[in-house]
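Source file: input-v2.txt; contents: compact mmCIF, C-alpha atoms and all ligand atoms.
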```
# COMPACT_ATOMS: atom_id res chain seq x y z
CA MET G 3 4.24 2.68 -28.02
CA SER G 4 1.35 4.73 -26.62
CA GLU G 5 -0.97 2.11 -25.11
CA PRO G 6 0.98 -1.07 -24.42
CA LEU G 7 -0.85 -4.26 -23.52
CA VAL G 8 0.82 -5.46 -20.31
CA LEU G 9 0.39 -8.45 -18.02
CA GLY G 10 1.31 -7.71 -14.38
CA ILE G 11 2.15 -10.31 -11.74
CA GLU G 12 2.15 -9.60 -8.00
CA SER G 13 3.20 -12.09 -5.28
CA SER G 14 5.08 -10.07 -2.65
CA CYS G 15 3.03 -11.06 0.40
CA ASP G 16 -0.16 -13.11 0.71
CA GLU G 17 -2.00 -12.16 -2.49
CA THR G 18 -1.29 -13.96 -5.75
CA SER G 19 -2.56 -11.58 -8.37
CA VAL G 20 -2.43 -11.12 -12.13
CA GLY G 21 -3.69 -8.01 -13.91
CA VAL G 22 -3.94 -7.02 -17.55
CA VAL G 23 -4.01 -3.41 -18.75
CA ARG G 24 -3.90 -1.54 -22.04
CA GLY G 25 -2.14 1.75 -21.25
CA THR G 26 -4.15 2.99 -18.27
CA GLN G 27 -7.23 0.92 -19.08
CA LEU G 28 -7.98 -1.98 -16.73
CA LEU G 29 -8.86 -5.23 -18.55
CA ALA G 30 -8.52 -7.77 -15.74
CA ASN G 31 -7.39 -7.99 -12.12
CA GLU G 32 -7.60 -11.46 -10.59
CA VAL G 33 -6.61 -11.89 -6.94
CA ALA G 34 -6.20 -15.15 -4.97
CA SER G 35 -5.55 -14.43 -1.31
CA SER G 36 -4.08 -16.85 1.22
CA VAL G 37 -5.15 -14.57 4.09
CA ASP G 38 -7.50 -17.20 5.57
CA LEU G 39 -4.58 -19.62 5.95
CA HIS G 40 -2.67 -17.04 8.02
CA ALA G 41 -5.52 -15.64 10.10
CA ARG G 42 -5.22 -18.16 12.93
CA PHE G 43 -1.51 -17.30 13.30
CA GLY G 44 -2.28 -13.57 13.60
CA GLY G 45 0.02 -12.66 10.70
CA VAL G 46 1.46 -13.93 7.42
CA VAL G 47 3.44 -17.17 7.72
CA PRO G 48 6.06 -16.89 4.92
CA GLU G 49 6.34 -20.63 4.14
CA VAL G 50 2.58 -21.00 3.94
CA ALA G 51 2.35 -17.93 1.69
CA SER G 52 5.03 -19.24 -0.70
CA ARG G 53 3.29 -22.57 -1.10
CA ALA G 54 -0.07 -20.85 -1.69
CA HIS G 55 1.50 -18.66 -4.42
CA LEU G 56 2.92 -21.74 -6.13
CA GLU G 57 -0.51 -23.35 -6.20
CA ALA G 58 -2.42 -20.22 -7.25
CA ILE G 59 -0.14 -18.62 -9.81
CA VAL G 60 -1.13 -20.57 -12.95
CA PRO G 61 -4.91 -20.66 -12.33
CA THR G 62 -4.85 -16.92 -11.51
CA LEU G 63 -2.91 -16.22 -14.70
CA GLN G 64 -5.39 -18.21 -16.76
CA ARG G 65 -8.35 -16.41 -15.21
CA ALA G 66 -6.80 -13.01 -15.89
CA LEU G 67 -6.12 -13.80 -19.56
CA ASP G 68 -9.65 -15.19 -20.01
CA LYS G 69 -11.26 -12.21 -18.34
CA ALA G 70 -9.23 -9.74 -20.41
CA GLY G 71 -9.93 -11.73 -23.58
CA VAL G 72 -6.25 -11.56 -24.44
CA GLU G 73 -3.98 -14.13 -26.10
CA PRO G 74 -0.37 -14.27 -24.87
CA ALA G 75 0.80 -13.41 -28.40
CA ASP G 76 -1.04 -10.04 -28.18
CA LEU G 77 0.92 -8.88 -25.11
CA ASP G 78 3.56 -6.20 -25.49
CA ALA G 79 5.31 -6.99 -22.20
CA ILE G 80 5.20 -8.71 -18.83
CA ALA G 81 5.71 -6.85 -15.56
CA VAL G 82 6.33 -8.45 -12.17
CA THR G 83 6.91 -7.31 -8.59
CA ALA G 84 10.66 -7.73 -7.94
CA GLY G 85 10.45 -6.32 -4.38
CA PRO G 86 10.08 -5.34 -1.64
CA GLY G 87 8.33 -8.25 0.07
CA LEU G 88 8.79 -11.75 1.43
CA MET G 89 11.61 -13.47 -0.43
CA GLY G 90 9.90 -16.85 -0.82
CA SER G 91 6.75 -15.14 -2.09
CA LEU G 92 8.52 -12.80 -4.51
CA VAL G 93 10.51 -15.67 -6.02
CA VAL G 94 7.35 -17.48 -7.14
CA GLY G 95 6.07 -14.49 -9.14
CA VAL G 96 9.49 -13.61 -10.54
CA ALA G 97 10.21 -17.18 -11.64
CA ALA G 98 6.79 -17.48 -13.26
CA ALA G 99 7.25 -14.15 -15.06
CA LYS G 100 10.69 -15.14 -16.34
CA GLY G 101 9.34 -18.43 -17.66
CA LEU G 102 6.50 -16.66 -19.47
CA ALA G 103 8.79 -13.96 -20.88
CA LEU G 104 11.08 -16.63 -22.27
CA ALA G 105 8.31 -18.89 -23.58
CA TRP G 106 6.30 -16.06 -25.16
CA ASN G 107 9.34 -14.04 -26.19
CA LYS G 108 8.22 -10.82 -24.45
CA PRO G 109 10.24 -8.12 -22.66
CA LEU G 110 10.12 -8.39 -18.86
CA TYR G 111 10.06 -5.51 -16.36
CA GLY G 112 10.92 -6.24 -12.69
CA LEU G 113 9.11 -3.48 -10.80
CA ASN G 114 8.81 -1.95 -7.35
CA HIS G 115 5.69 -3.02 -5.46
CA LEU G 116 5.47 0.24 -3.48
CA VAL G 117 5.62 2.38 -6.60
CA GLY G 118 2.83 0.18 -7.97
CA HIS G 119 0.67 1.20 -4.99
CA VAL G 120 1.37 4.89 -5.60
CA GLY G 121 0.65 4.67 -9.34
CA VAL G 122 -2.48 2.50 -9.29
CA ASP G 123 -4.78 5.52 -9.51
CA MET G 124 -3.66 5.91 -13.14
CA LEU G 125 -6.20 3.14 -13.83
CA GLU G 126 -8.99 5.38 -12.61
CA HIS G 127 -7.89 8.91 -13.40
CA GLY G 128 -5.13 8.64 -16.03
CA PRO G 129 -1.51 9.82 -15.90
CA LEU G 130 -0.24 11.53 -12.74
CA ALA G 131 0.62 15.21 -12.42
CA GLN G 132 4.35 15.88 -12.31
CA PRO G 133 5.29 16.36 -9.59
CA SER G 134 2.84 14.76 -7.18
CA LEU G 135 3.07 14.22 -3.44
CA GLY G 136 2.58 10.55 -2.55
CA LEU G 137 1.34 9.22 0.78
CA LEU G 138 2.26 5.54 0.79
CA VAL G 139 0.63 3.57 3.61
CA SER G 140 0.91 -0.21 3.50
CA GLY G 141 1.41 -3.13 5.85
CA GLY G 142 5.19 -2.80 5.77
CA HIS G 143 5.84 0.81 4.70
CA THR G 144 4.71 4.33 5.49
CA SER G 145 6.35 7.18 3.57
CA LEU G 146 5.87 10.59 2.09
CA LEU G 147 7.20 10.77 -1.45
CA ARG G 148 7.90 13.47 -3.96
CA VAL G 149 6.99 11.81 -7.23
CA GLY G 150 8.61 13.74 -10.07
CA ASP G 151 7.95 10.89 -12.49
CA ILE G 152 6.36 7.60 -11.43
CA THR G 153 8.62 5.72 -13.88
CA GLY G 154 11.93 6.86 -12.44
CA ASP G 155 12.08 9.99 -10.29
CA ILE G 156 10.94 9.34 -6.73
CA GLU G 157 12.35 10.98 -3.64
CA GLU G 158 11.52 9.82 -0.12
CA LEU G 159 10.80 12.91 2.01
CA GLY G 160 10.18 10.95 5.18
CA SER G 161 9.12 7.55 6.45
CA THR G 162 8.18 5.70 9.59
CA THR G 163 10.91 5.40 12.19
CA ASP G 164 9.35 2.21 13.62
CA ASP G 165 6.05 0.49 12.70
CA ALA G 166 4.20 1.04 9.44
CA ALA G 167 0.61 2.31 9.65
CA GLY G 168 -0.81 -1.06 8.55
CA GLU G 169 1.37 -2.84 11.06
CA ALA G 170 -0.04 -0.61 13.82
CA TYR G 171 -3.58 -1.55 12.72
CA ASP G 172 -2.68 -5.24 12.75
CA LYS G 173 -1.01 -5.06 16.19
CA VAL G 174 -3.82 -3.07 17.79
CA ALA G 175 -6.40 -5.47 16.36
CA ARG G 176 -4.43 -8.37 17.84
CA LEU G 177 -4.26 -6.81 21.30
CA LEU G 178 -8.01 -6.17 21.18
CA GLY G 179 -8.57 -9.79 20.09
CA LEU G 180 -10.24 -8.71 16.84
CA GLY G 181 -8.38 -10.97 14.38
CA TYR G 182 -6.22 -10.57 11.29
CA PRO G 183 -5.75 -8.51 9.16
CA GLY G 184 -6.53 -5.71 11.55
CA GLY G 185 -7.08 -2.81 9.17
CA PRO G 186 -10.46 -3.71 7.68
CA ILE G 187 -11.75 -5.02 11.05
CA ILE G 188 -10.79 -1.87 13.00
CA ASP G 189 -12.20 0.29 10.19
CA LYS G 190 -15.55 -1.49 10.59
CA VAL G 191 -15.65 -1.57 14.40
CA ALA G 192 -14.55 2.09 14.59
CA ALA G 193 -17.69 3.14 12.72
CA GLU G 194 -19.68 2.33 15.90
CA GLY G 195 -17.32 4.23 18.22
CA ASP G 196 -16.53 7.79 19.26
CA PRO G 197 -13.24 9.03 17.76
CA SER G 198 -12.88 11.67 20.46
CA ALA G 199 -13.47 9.27 23.38
CA ILE G 200 -9.75 8.82 24.11
CA ARG G 201 -6.96 11.20 23.14
CA PHE G 202 -4.17 8.89 21.91
CA PRO G 203 -0.73 10.38 21.07
CA ARG G 204 0.16 11.70 17.62
CA GLY G 205 3.72 10.47 16.98
CA LEU G 206 6.51 12.90 16.01
CA THR G 207 4.35 16.02 16.13
CA SER G 208 5.84 17.84 19.12
CA GLN G 209 7.73 21.00 18.30
CA LYS G 210 11.07 19.33 19.04
CA ASP G 211 10.25 16.29 16.88
CA MET G 212 9.04 18.51 14.06
CA GLU G 213 12.50 20.08 13.85
CA ARG G 214 14.17 16.76 13.06
CA HIS G 215 11.31 14.56 11.87
CA ARG G 216 8.86 16.90 10.20
CA PHE G 217 7.96 14.39 7.44
CA ASP G 218 8.61 11.19 9.40
CA PHE G 219 6.10 9.03 11.25
CA SER G 220 6.10 6.87 14.38
CA PHE G 221 3.33 4.47 15.34
CA SER G 222 4.88 2.23 17.98
CA GLY G 223 4.21 4.74 20.78
CA LEU G 224 0.57 4.88 19.72
CA LYS G 225 0.29 1.09 19.79
CA THR G 226 1.84 1.03 23.28
CA ALA G 227 -0.51 3.79 24.45
CA VAL G 228 -3.51 1.73 23.31
CA ALA G 229 -2.12 -1.36 25.09
CA ARG G 230 -1.55 0.61 28.33
CA TRP G 231 -5.01 2.16 28.19
CA VAL G 232 -6.65 -1.25 27.78
CA GLU G 233 -4.52 -2.82 30.57
CA GLN G 234 -5.39 0.03 32.93
CA ARG G 235 -9.06 -0.36 32.21
CA GLU G 236 -8.94 -4.11 32.81
CA ALA G 237 -6.96 -3.60 36.04
CA GLU G 238 -9.79 -1.36 37.23
CA GLY G 239 -12.22 -4.20 36.48
CA LYS G 240 -14.08 -2.16 33.86
CA ASP G 241 -15.26 -3.22 30.40
CA VAL G 242 -13.12 -2.16 27.47
CA PRO G 243 -15.18 0.02 25.08
CA VAL G 244 -13.70 -1.65 21.98
CA ALA G 245 -15.47 0.53 19.41
CA ASP G 246 -14.32 3.74 21.13
CA VAL G 247 -10.75 2.43 21.36
CA CYS G 248 -10.79 1.55 17.64
CA ALA G 249 -12.29 4.89 16.61
CA SER G 250 -9.85 6.87 18.79
CA PHE G 251 -6.85 4.87 17.56
CA GLN G 252 -7.96 5.30 13.95
CA GLU G 253 -8.43 9.03 14.49
CA ALA G 254 -4.86 9.35 15.80
CA VAL G 255 -3.47 7.51 12.75
CA ALA G 256 -5.54 9.46 10.22
CA ASP G 257 -4.85 12.79 11.93
CA VAL G 258 -1.08 12.49 11.85
CA LEU G 259 -0.92 10.98 8.34
CA THR G 260 -3.09 13.68 6.81
CA ALA G 261 -1.54 16.60 8.73
CA LYS G 262 1.97 15.66 7.61
CA THR G 263 0.85 15.03 4.03
CA VAL G 264 -0.72 18.46 3.72
CA ASP G 265 2.28 20.08 5.40
CA ALA G 266 4.68 18.36 2.96
CA ALA G 267 2.59 19.31 -0.08
CA ARG G 268 2.57 22.95 0.98
CA HIS G 269 6.24 22.95 1.96
CA PHE G 270 7.35 21.53 -1.40
CA GLY G 271 4.79 23.47 -3.43
CA VAL G 272 3.16 20.32 -4.84
CA THR G 273 -0.54 20.70 -5.62
CA GLU G 274 -1.56 17.08 -6.31
CA VAL G 275 -1.64 14.41 -3.61
CA ILE G 276 -1.81 10.68 -4.35
CA LEU G 277 -2.86 8.13 -1.74
CA GLY G 278 -1.60 4.54 -2.06
CA GLY G 279 -1.13 1.22 -0.20
CA GLY G 280 -3.43 -1.13 1.71
CA VAL G 281 -4.24 1.41 4.44
CA ALA G 282 -5.43 3.81 1.70
CA ALA G 283 -8.62 1.70 1.80
CA ASN G 284 -9.31 3.10 5.29
CA SER G 285 -12.54 5.10 5.40
CA ARG G 286 -11.42 7.70 7.95
CA LEU G 287 -8.06 8.29 6.28
CA ARG G 288 -9.83 8.80 2.94
CA GLY G 289 -12.41 11.16 4.42
CA LEU G 290 -10.04 13.27 6.49
CA LEU G 291 -7.47 13.55 3.70
CA GLU G 292 -10.17 14.71 1.29
CA GLU G 293 -11.33 17.32 3.83
CA ARG G 294 -7.83 18.64 4.51
CA CYS G 295 -6.79 18.65 0.86
CA GLN G 296 -9.88 20.66 -0.04
CA ALA G 297 -9.22 23.15 2.74
CA ASN G 298 -5.69 23.65 1.39
CA ASN G 299 -6.53 23.78 -2.34
CA LEU G 300 -4.83 20.48 -2.99
CA MET G 301 -6.14 18.07 -5.58
CA LEU G 302 -6.47 14.54 -4.14
CA ARG G 303 -6.27 11.28 -6.10
CA ARG G 304 -7.64 8.31 -4.21
CA PRO G 305 -7.81 4.90 -5.89
CA ARG G 306 -10.99 2.98 -5.08
CA PRO G 307 -10.56 0.67 -2.04
CA GLY G 308 -10.49 -2.49 -4.18
CA LEU G 309 -7.33 -1.25 -5.91
CA CYS G 310 -5.56 -0.15 -2.70
CA THR G 311 -4.59 -3.59 -1.41
CA ASP G 312 -2.06 -5.76 -3.26
CA ASN G 313 -2.99 -6.54 -6.87
CA GLY G 314 -1.46 -7.34 -10.26
CA ALA G 315 -3.16 -4.48 -12.11
CA MET G 316 -1.04 -1.90 -10.24
CA ILE G 317 2.09 -3.68 -11.48
CA ALA G 318 0.72 -3.91 -15.02
CA VAL G 319 -0.21 -0.20 -15.20
CA LEU G 320 3.18 0.81 -13.81
CA GLY G 321 4.75 -1.45 -16.45
CA ALA G 322 2.74 0.30 -19.16
CA ALA G 323 3.87 3.73 -17.89
CA VAL G 324 7.50 2.56 -17.79
CA ILE G 325 7.23 1.36 -21.41
CA VAL G 326 5.59 4.61 -22.56
CA ALA G 327 8.48 6.48 -20.89
CA GLY G 328 10.85 4.46 -23.06
CA ARG G 329 12.67 2.76 -20.21
CA ALA G 330 14.65 -0.41 -20.91
CA PRO G 331 13.37 -3.83 -19.80
CA SER G 332 15.08 -5.72 -16.98
CA SER G 333 17.77 -8.20 -17.88
CA LEU G 334 16.50 -11.77 -17.38
CA ASP G 335 19.03 -12.53 -14.64
CA PHE G 336 17.58 -10.06 -12.10
CA GLY G 337 16.82 -11.33 -8.62
CA ALA G 338 14.00 -10.69 -6.17
CA VAL G 339 14.98 -7.92 -3.73
CA SER G 340 13.16 -8.17 -0.41
CA GLY G 341 14.37 -4.73 0.74
CA LEU G 342 14.06 -2.86 -2.56
CA PRO G 343 14.04 0.91 -1.81
CA VAL G 344 11.03 2.90 -3.02
CA THR G 345 13.34 5.09 -5.11
CA GLN G 346 14.19 2.22 -7.46
CA VAL G 347 11.25 1.76 -9.83
CA VAL G 348 12.69 -0.83 -12.23
CA VAL G 349 15.34 -3.41 -11.33
O1 LIG G 401 -0.45 -2.77 0.74
P1 LIG G 401 -0.96 -3.95 1.42
O2 LIG G 401 -2.11 -4.70 0.82
O3 LIG G 401 0.20 -4.99 1.65
C1 LIG G 401 1.50 -4.55 1.84
O4 LIG G 401 2.16 -4.19 0.84
O5 LIG G 401 1.90 -4.47 3.03
O6 LIG G 401 -1.35 -3.48 2.88
C2 LIG G 401 -1.81 -4.37 3.85
C3 LIG G 401 -2.15 -3.57 5.08
C4 LIG G 401 -2.49 -4.43 6.27
O7 LIG G 401 -1.73 -4.00 7.37
C5 LIG G 401 -3.98 -4.15 6.48
O8 LIG G 401 -4.38 -4.24 7.84
C6 LIG G 401 -4.11 -2.74 5.95
O9 LIG G 401 -3.26 -2.71 4.82
N1 LIG G 401 -5.48 -2.39 5.56
C7 LIG G 401 -6.20 -1.43 6.16
C8 LIG G 401 -7.49 -1.45 5.57
N2 LIG G 401 -7.48 -2.41 4.60
C9 LIG G 401 -6.24 -2.98 4.61
N3 LIG G 401 -5.88 -0.59 7.16
C10 LIG G 401 -6.83 0.26 7.59
N4 LIG G 401 -8.08 0.30 7.08
C11 LIG G 401 -8.46 -0.52 6.07
N5 LIG G 401 -9.70 -0.47 5.58
ZN ZN G 402 1.34 -3.79 -0.78
```

In structure tokens, what does this structure look like?
Amino acid sequence: MSEPLVLGIESSCDETSVGVVRGTQLLANEVASSVDLHARFGGVVPEVASRAHLEAIVPTLQRALDKAGVEPADLDAIAVTAGPGLMGSLVVGVAAAKGLALAWNKPLYGLNHLVGHVGVDMLEHGPLAQPSLGLLVSGGHTSLLRVGDITGDIEELGSTTDDAAGEAYDKVARLLGLGYPGGPIIDKVAAEGDPSAIRFPRGLTSQKDMERHRFDFSFSGLKTAVARWVEQREAEGKDVPVADVCASFQEAVADVLTAKTVDAARHFGVTEVILGGGVAANSRLRGLLEERCQANNLMLRRPRPGLCTDNGAMIAVLGAAVIVAGRAPSSLDFGAVSGLPVTQVVV
């Protein structure tokens, strides 16, 4: 089957989303977010997220089918996020997908959310080069990947040893009192600041760290450095230049992510870089990675910001690629796996 028509369901965190694709062509991508319900708690409340998924899943599905102009009978398969993510959230999408697969008599593919992030650019620029070097930056994960084949050959070259990049954004936003989720807010506030105002640390880049952790990341020291800087400033009775702090923090994150990505691409002789995950929407990360890839003759694939955060279309297009590769569907008794490793594409 060369261009399968696939419905993709995503419910791993606080977005209930259903996408429809034909091969690598995007037909619909409906997203219902419960982010506003969590904002006052400063982070996702799992029970609240699960309930919101349960309420949103059927209306979102109906909107996606309408938008795509597709009848259930036309579908070749259903794909769903099986992990990683919040258990109570994953279960809603998986149970819905199993019900639909049974009712409509379609094969079901339980897929890896993180691999969906890395492959979403197929919707914009077609199949990926083999191999590619993936920089995965989301709210819960930060890794460098060697992607031999997005449907089944993924090697993790390095990952964060503590906080994920998105988590660092969310924590720094909280300590600056900017709200949740922190990424988009810091991105916006940073535009008014000076990225060279404060030199924050670049984690795991010292010569000693590079020997053992060349392709790993660390962001908790950076978060602490921002907290200390702000405390010090307040103790001195001075105003905190929030825009400068945001811009300088963002510069530290983008600098270390892009430097290690380019280093890994060169080290492993991979000439195409793919950016994926919620933090891939970040303007400075996108700009600096483009600059550094160009300077090193690396081809960069960046999905548009709207496709970087959690969505069903990334699951649908990964499902289509998995089908084209001839991989077997999941057996209907698979479970949701909250800690699913990035190396397992299909459960
Ligand atoms: O991939 P994602 O939507 O959900 C997970 O799988 O975790 O990523 C969410 C993360 C959040 O931490 C959010 O703050 C961050 O992505 N994010 C951003 C931006 N937009 C979302 N971080 C930096 N800049 C942005 N523009
Ligand atoms: Zn995600």

Practice item. Taking only C-alpha atoms and all ligand atoms into account, report as a PyMOL selection string which residues have an atom no farther than 9 Å from an atom of ligand LIG 401 (chain G). Key: chain G and resi 14-17+86-87+115-116+119+138-143+166-173+175+182-190+252+278-287+307+310-313

Point to revise | Pairwise distance for atom CA of Val8 of chain G and atom CA of Gly314 of chain G, rounded to one decimal in Å | key: 10.5 Å

Check your understanding: Neighbours of Leu259 of chain G within 12 Å (only C-alpha atoms; same-chain residues fewer than 3 positions away dropped), as a ChimeraX atom specification?
Key -> /G:136-139,144-146,160-162,166-167,204-207,216-221,252-256,262-266,277,281-282,284,286-288,290-291,294

Check your understanding: If you count only C-alpha atoms, which residues fall within 9 Å of Gly128 of chain G, apart from same-chain ones fewer than 5 positions away, as an MDAnalysis selection string?
Key -> chainID G and resid 26:27 123

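When only C-alpha atoms are used to measure the gap to Asp68 of chain G, the shortest distance among G:Leu334, G:Val50, G:Val94, G:Val22 belongs to G:Val22.
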
Check your understanding: Which polymer residues have any atom within 12 Å of an atom of segment 129-133 of chain G, counting all atoms listed in the file, with same-chain residues fewer than 3 positions away left out, as a PyMOL selection string?
Key -> chain G and resi 25-27+120-126+136+147-157+267+270-277+301-304+319-320+322-324+326-327

Check your understanding: Which residue, G:Gly10, G:Pro243, G:Gly195, G:Pro343, has the smallest gap to Leu77 of chain G when you use all atoms listed in the file?
Key ->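 The closest residue to Leu77 of chain G is G:Gly10.
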
Check your understanding: Could you state the separation of atom CA of Val228 of chain G and atom CA of Arg214 of chain G in Å, given to one decimal place?
Key ->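 Taking atom CA of Val228 of chain G as the start and atom CA of Arg214 of chain G as the end point, the length is 25.4 Å.
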
Review point. Mind pulling up the distance from atom CA of Arg42 of chain G to atom CA of Leu56 of chain G?
Key: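 Atom-to-atom, atom CA of Leu56 of chain G and atom CA of Arg42 of chain G are spaced 21.0 Å apart.
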
Exercise for review: Rank G:Gly85, G:Pro48, G:Ala75, G:Arg230 by their smallest atom-to-atom distance to ligand ZN 402 (chain G), using only C-alpha atoms and all ligand atoms, and report the top residue only.
Suggested key: G:Gly85

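Of the listed residues (G:Leu110, G:Met212, G:Leu178, G:Leu88), G:Leu88 comes nearest to ligand ZN 402 (chain G); the distances count all atoms listed in the file.
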
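With distances restricted to only C-alpha atoms and all ligand atoms, G:Leu309 is the closest residue to ligand ZN 402 (chain G) from G:Leu309, G:Ala103, G:Val20, G:Val347.
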
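Nearest residue to ligand ZN 402 (chain G), choosing from G:Val72, G:Leu177, G:Val117, G:Ala261 and counting all atoms listed in the file: G:Val117.
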
Taking the partial coordinates given, rebuild segment 12-25 of chain G to contain N, CA, C and O atoms; return it as a PDB file, keeping the file's coordinate frame.
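Resulting contents of out_23.pdb:
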```pdb
ATOM      1  N   GLU G  12       1.831 -10.069  -9.347  1.00  0.00           N
ATOM      2  CA  GLU G  12       2.150  -9.600  -8.000  1.00  0.00           C
ATOM      3  C   GLU G  12       2.106 -10.794  -7.040  1.00  0.00           C
ATOM      4  O   GLU G  12       1.107 -11.521  -7.007  1.00  0.00           O
ATOM      5  N   SER G  13       3.189 -10.982  -6.264  1.00  0.00           N
ATOM      6  CA  SER G  13       3.200 -12.090  -5.280  1.00  0.00           C
ATOM      7  C   SER G  13       4.082 -11.742  -4.083  1.00  0.00           C
ATOM      8  O   SER G  13       4.735 -12.617  -3.541  1.00  0.00           O
ATOM      9  N   SER G  14       4.090 -10.460  -3.670  1.00  0.00           N
ATOM     10  CA  SER G  14       5.080 -10.070  -2.650  1.00  0.00           C
ATOM     11  C   SER G  14       4.715 -10.492  -1.231  1.00  0.00           C
ATOM     12  O   SER G  14       5.574 -10.600  -0.373  1.00  0.00           O
ATOM     13  N   CYS G  15       3.422 -10.724  -0.973  1.00  0.00           N
ATOM     14  CA  CYS G  15       3.030 -11.060   0.400  1.00  0.00           C
ATOM     15  C   CYS G  15       2.048 -12.228   0.393  1.00  0.00           C
ATOM     16  O   CYS G  15       2.441 -13.351   0.084  1.00  0.00           O
ATOM     17  N   ASP G  16       0.770 -11.986   0.655  1.00  0.00           N
ATOM     18  CA  ASP G  16      -0.160 -13.110   0.710  1.00  0.00           C
ATOM     19  C   ASP G  16      -1.239 -13.056  -0.369  1.00  0.00           C
ATOM     20  O   ASP G  16      -2.214 -13.792  -0.306  1.00  0.00           O
ATOM     21  N   GLU G  17      -1.063 -12.173  -1.363  1.00  0.00           N
ATOM     22  CA  GLU G  17      -2.000 -12.160  -2.490  1.00  0.00           C
ATOM     23  C   GLU G  17      -1.266 -12.578  -3.758  1.00  0.00           C
ATOM     24  O   GLU G  17      -0.267 -11.968  -4.115  1.00  0.00           O
ATOM     25  N   THR G  18      -1.798 -13.605  -4.423  1.00  0.00           N
ATOM     26  CA  THR G  18      -1.290 -13.960  -5.750  1.00  0.00           C
ATOM     27  C   THR G  18      -2.202 -13.240  -6.715  1.00  0.00           C
ATOM     28  O   THR G  18      -3.402 -13.478  -6.704  1.00  0.00           O
ATOM     29  N   SER G  19      -1.658 -12.356  -7.532  1.00  0.00           N
ATOM     30  CA  SER G  19      -2.560 -11.580  -8.370  1.00  0.00           C
ATOM     31  C   SER G  19      -1.968 -11.343  -9.755  1.00  0.00           C
ATOM     32  O   SER G  19      -0.763 -11.142  -9.907  1.00  0.00           O
ATOM     33  N   VAL G  20      -2.845 -11.397 -10.753  1.00  0.00           N
ATOM     34  CA  VAL G  20      -2.430 -11.120 -12.130  1.00  0.00           C
ATOM     35  C   VAL G  20      -3.406 -10.108 -12.720  1.00  0.00           C
ATOM     36  O   VAL G  20      -4.628 -10.289 -12.639  1.00  0.00           O
ATOM     37  N   GLY G  21      -2.863  -9.040 -13.270  1.00  0.00           N
ATOM     38  CA  GLY G  21      -3.690  -8.010 -13.910  1.00  0.00           C
ATOM     39  C   GLY G  21      -3.287  -7.843 -15.357  1.00  0.00           C
ATOM     40  O   GLY G  21      -2.160  -8.179 -15.749  1.00  0.00           O
ATOM     41  N   VAL G  22      -4.234  -7.338 -16.147  1.00  0.00           N
ATOM     42  CA  VAL G  22      -3.940  -7.020 -17.550  1.00  0.00           C
ATOM     43  C   VAL G  22      -4.446  -5.604 -17.812  1.00  0.00           C
ATOM     44  O   VAL G  22      -5.583  -5.272 -17.446  1.00  0.00           O
ATOM     45  N   VAL G  23      -3.594  -4.774 -18.411  1.00  0.00           N
ATOM     46  CA  VAL G  23      -4.010  -3.410 -18.750  1.00  0.00           C
ATOM     47  C   VAL G  23      -3.606  -3.098 -20.189  1.00  0.00           C
ATOM     48  O   VAL G  23      -2.679  -3.701 -20.736  1.00  0.00           O
ATOM     49  N   ARG G  24      -4.344  -2.129 -20.778  1.00  0.00           N
ATOM     50  CA  ARG G  24      -3.900  -1.540 -22.040  1.00  0.00           C
ATOM     51  C   ARG G  24      -3.690  -0.057 -21.751  1.00  0.00           C
ATOM     52  O   ARG G  24      -4.651   0.679 -21.523  1.00  0.00           O
ATOM     53  N   GLY G  25      -2.431   0.373 -21.670  1.00  0.00           N
ATOM     54  CA  GLY G  25      -2.140   1.750 -21.250  1.00  0.00           C
ATOM     55  C   GLY G  25      -2.598   1.941 -19.819  1.00  0.00           C
ATOM     56  O   GLY G  25      -2.098   1.296 -18.907  1.00  0.00           O
TER      57      GLY G  25
END
```
